[in-house]
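The structure under discussion appears below in the form of structure tokens.
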Amino acid sequence: MMRFSMAGMVIVSMTLGGCAAKQQAAPLPPRIVHEVAPAPAAPPPPTAAEILTAQPAEVRAAVEAHDRKGKWPSYKTAAYVLYPYNEGPQPIVDCAPLRTTDLQLQPGETVTDLALGDQERWMATPASSGDPRNSVPHVALKPQAPGIETNLTIYTTRHIYHLILRSGSRSMQEVEFYYPEELLAAMNDADVAAAKQHSAIDPSGDASASSNNVAAVDPGHLNFSYEVSGPNVPWKPVRAYDDGAHVFIQMGSGMSTNDAPALLIASGGGTQMVNYRVVDGDCYVVDRLFDTAILLSGVGREQAA
């Protein structure tokens, strides 16, 4: 009996082994996994300081000079001149016979027309340089005789340039422009966007606690000597006051969530962001005192302040 059982066990074992060898399952196909790389996070919009830092050194110096003196300067060297666009008197471009003066305009704009006062003795030829998708427009200037003067108007898709051309013994090799109004608008828009993003509502602030603190203040200790000026926009503040540590700005009843203005503090000839909270939907609470504040809504030419 014992041998039979052992032999049967061996046979059964071999039979199973033989079936396994003959009916071995086909290997599973390789698993192909398609992994999609996560989309890179969009870079944050540039700040006003970053926009200014990206400008040439002469433009940064011009902004500082304007903050001190209120005027936009020009920069001149023996071969290079940088004028502020549409600021002050018409730029003068000195040229010379047998020499070409290169007038460089704003990258991305396109010259649509030229109006030259003296077409007989002056040449003004449009040109471009750089990537055709964002080329830099140029106008090559050349007089035919010394001691002559005329005017030139350049029409582009963004600007109109008015210039005085003079012919003499010396010529400017290159003339360029910087654009103060557009630079300040871009910096201001960046400040407004940053203020709305970081300072519209303080996440760590407790609105109910702020309301209780306001209610607990003795009215006799409040300072109401604030003046509100500006256009009669729907959200124009109706009053402002402080308790010695906080400033409270009561907004107009026409303010909605979508058009709530950003609050900036005037500082050093410019503006800076400040943290504030919105209590009860229409009261700005600023955790510091200030002399002058600016409320801005919208961007660019659509701003209301």
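By order in the structure tokens, chains are A, B, ...; within a chain, residues start at 1; ligands start at 1, following the order shown.
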
Those in segment 52-197 of chain A with strand (DSSP E or B) from DSSP, as a ChimeraX atom specification: /A:75-76,80-84,92-95,101-104,111-116,122-129,136-143,149-156,160-167,174-178

Exercise: Glu149 of chain A partners within 10 Å, only C-alpha atoms, chain neighbours under 2 positions left out, as a PyMOL selection string: chain A and resi 93-95+117-118+121-122+143+145-147+151+164-168

Any chance you can output those residues with N, CA and C atoms as a PDB file, in the first residue's frame?
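The file below, result05.pdb, is the result:
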```
ATOM      1  N   VAL A  93      17.109 115.558 -34.823  1.00  0.00           N
ATOM      2  CA  VAL A  93      18.016 114.527 -35.327  1.00  0.00           C
ATOM      3  C   VAL A  93      19.030 115.198 -36.247  1.00  0.00           C
ATOM      4  N   ASP A  94      20.288 115.146 -35.846  1.00  0.00           N
ATOM      5  CA  ASP A  94      21.368 115.746 -36.644  1.00  0.00           C
ATOM      6  C   ASP A  94      21.909 114.724 -37.631  1.00  0.00           C
ATOM      7  N   CYS A  95      21.945 115.104 -38.894  1.00  0.00           N
ATOM      8  CA  CYS A  95      22.420 114.234 -39.968  1.00  0.00           C
ATOM      9  C   CYS A  95      23.527 114.941 -40.741  1.00  0.00           C
ATOM     10  N   GLY A 117       9.018 116.632 -45.014  1.00  0.00           N
ATOM     11  CA  GLY A 117       8.788 117.989 -45.485  1.00  0.00           C
ATOM     12  C   GLY A 117       9.516 118.308 -46.780  1.00  0.00           C
ATOM     13  N   ASP A 118      10.778 117.939 -46.887  1.00  0.00           N
ATOM     14  CA  ASP A 118      11.589 118.219 -48.068  1.00  0.00           C
ATOM     15  C   ASP A 118      11.963 116.886 -48.710  1.00  0.00           C
ATOM     16  N   ARG A 121      15.512 116.926 -51.116  1.00  0.00           N
ATOM     17  CA  ARG A 121      16.892 116.912 -50.610  1.00  0.00           C
ATOM     18  C   ARG A 121      17.089 115.986 -49.412  1.00  0.00           C
ATOM     19  N   TRP A 122      16.041 115.264 -49.037  1.00  0.00           N
ATOM     20  CA  TRP A 122      16.166 114.328 -47.920  1.00  0.00           C
ATOM     21  C   TRP A 122      15.644 112.963 -48.344  1.00  0.00           C
ATOM     22  N   PRO A 143      20.576 113.258 -45.703  1.00  0.00           N
ATOM     23  CA  PRO A 143      20.377 114.509 -46.461  1.00  0.00           C
ATOM     24  C   PRO A 143      21.249 114.523 -47.709  1.00  0.00           C
ATOM     25  N   ALA A 145      22.412 117.528 -48.924  1.00  0.00           N
ATOM     26  CA  ALA A 145      23.254 118.727 -48.878  1.00  0.00           C
ATOM     27  C   ALA A 145      23.408 119.167 -47.434  1.00  0.00           C
ATOM     28  N   PRO A 146      24.486 119.914 -47.117  1.00  0.00           N
ATOM     29  CA  PRO A 146      24.653 120.428 -45.758  1.00  0.00           C
ATOM     30  C   PRO A 146      23.819 121.693 -45.544  1.00  0.00           C
ATOM     31  N   GLY A 147      23.612 122.013 -44.272  1.00  0.00           N
ATOM     32  CA  GLY A 147      22.957 123.265 -43.928  1.00  0.00           C
ATOM     33  C   GLY A 147      21.486 123.339 -44.252  1.00  0.00           C
ATOM     34  N   ASN A 151      11.224 118.702 -41.527  1.00  0.00           N
ATOM     35  CA  ASN A 151      10.554 117.917 -40.487  1.00  0.00           C
ATOM     36  C   ASN A 151      10.140 116.568 -41.055  1.00  0.00           C
ATOM     37  N   ILE A 164      12.407 116.857 -35.991  1.00  0.00           N
ATOM     38  CA  ILE A 164      13.090 117.898 -36.750  1.00  0.00           C
ATOM     39  C   ILE A 164      14.407 117.308 -37.262  1.00  0.00           C
ATOM     40  N   LEU A 165      14.649 117.404 -38.563  1.00  0.00           N
ATOM     41  CA  LEU A 165      15.884 116.892 -39.156  1.00  0.00           C
ATOM     42  C   LEU A 165      16.777 118.064 -39.542  1.00  0.00           C
ATOM     43  N   ARG A 166      18.060 117.980 -39.138  1.00  0.00           N
ATOM     44  CA  ARG A 166      19.036 119.020 -39.482  1.00  0.00           C
ATOM     45  C   ARG A 166      20.245 118.377 -40.148  1.00  0.00           C
ATOM     46  N   SER A 167      20.759 119.064 -41.146  1.00  0.00           N
ATOM     47  CA  SER A 167      21.945 118.581 -41.853  1.00  0.00           C
ATOM     48  C   SER A 167      23.122 119.491 -41.543  1.00  0.00           C
ATOM     49  N   GLY A 168      24.228 118.882 -41.117  1.00  0.00           N
ATOM     50  CA  GLY A 168      25.422 119.649 -40.794  1.00  0.00           C
ATOM     51  C   GLY A 168      26.667 118.831 -41.055  1.00  0.00           C
TER      52      GLY A 168
END
```

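Minimum atom-to-atom distances from A:Arg133, A:Arg158, A:Lys142, A:Lys76 to Val175 of chain A were compared using only C-alpha atoms, and the lowest value belongs to A:Lys76.
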
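Among the candidates A:Asp291, A:Asp189, A:Asp102, A:Asp131, the residue lying nearest to Ala262 of chain A is A:Asp189 (atoms considered: only C-alpha atoms).
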
Segment 82-84 of chain A environment, 8 Å, only C-alpha atoms, sequence neighbours closer than 6 positions dropped, as a CSV table (one decimal) with C-alpha atoms, in the first residue's frame:
```csv
chain,number,residue,atom,x,y,z
A,72,TRP,CA,11.9,113.0,-18.5
A,73,PRO,CA,15.5,113.5,-19.7
A,74,SER,CA,17.2,112.7,-23.0
A,75,TYR,CA,20.6,110.9,-23.2
A,76,LYS,CA,23.2,111.9,-25.7
A,91,PRO,CA,13.3,115.6,-30.9
A,175,VAL,CA,18.6,107.6,-32.4
A,176,GLU,CA,16.2,105.6,-30.2
A,177,PHE,CA,13.1,106.3,-28.0
A,178,TYR,CA,11.9,105.2,-24.6
A,179,TYR,CA,8.2,105.3,-23.7
A,180,PRO,CA,7.5,106.8,-20.2
```

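The two atoms in question, atom CA of Pro40 of chain A and atom CA of Pro132 of chain A, are spaced 27.9 Å apart.
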
Using only C-alpha atoms: which of A:Thr77, A:Asn134, A:Gln106, A:Gln144 has the shortest distance to Gln119 of chain A: A:Gln144

All helix (DSSP H, G or I) residues (DSSP, backbone) inside segment 10-195 of chain A, as a PyMOL selection string: chain A and resi 10-22+48-53+57-69+132-134+180-195
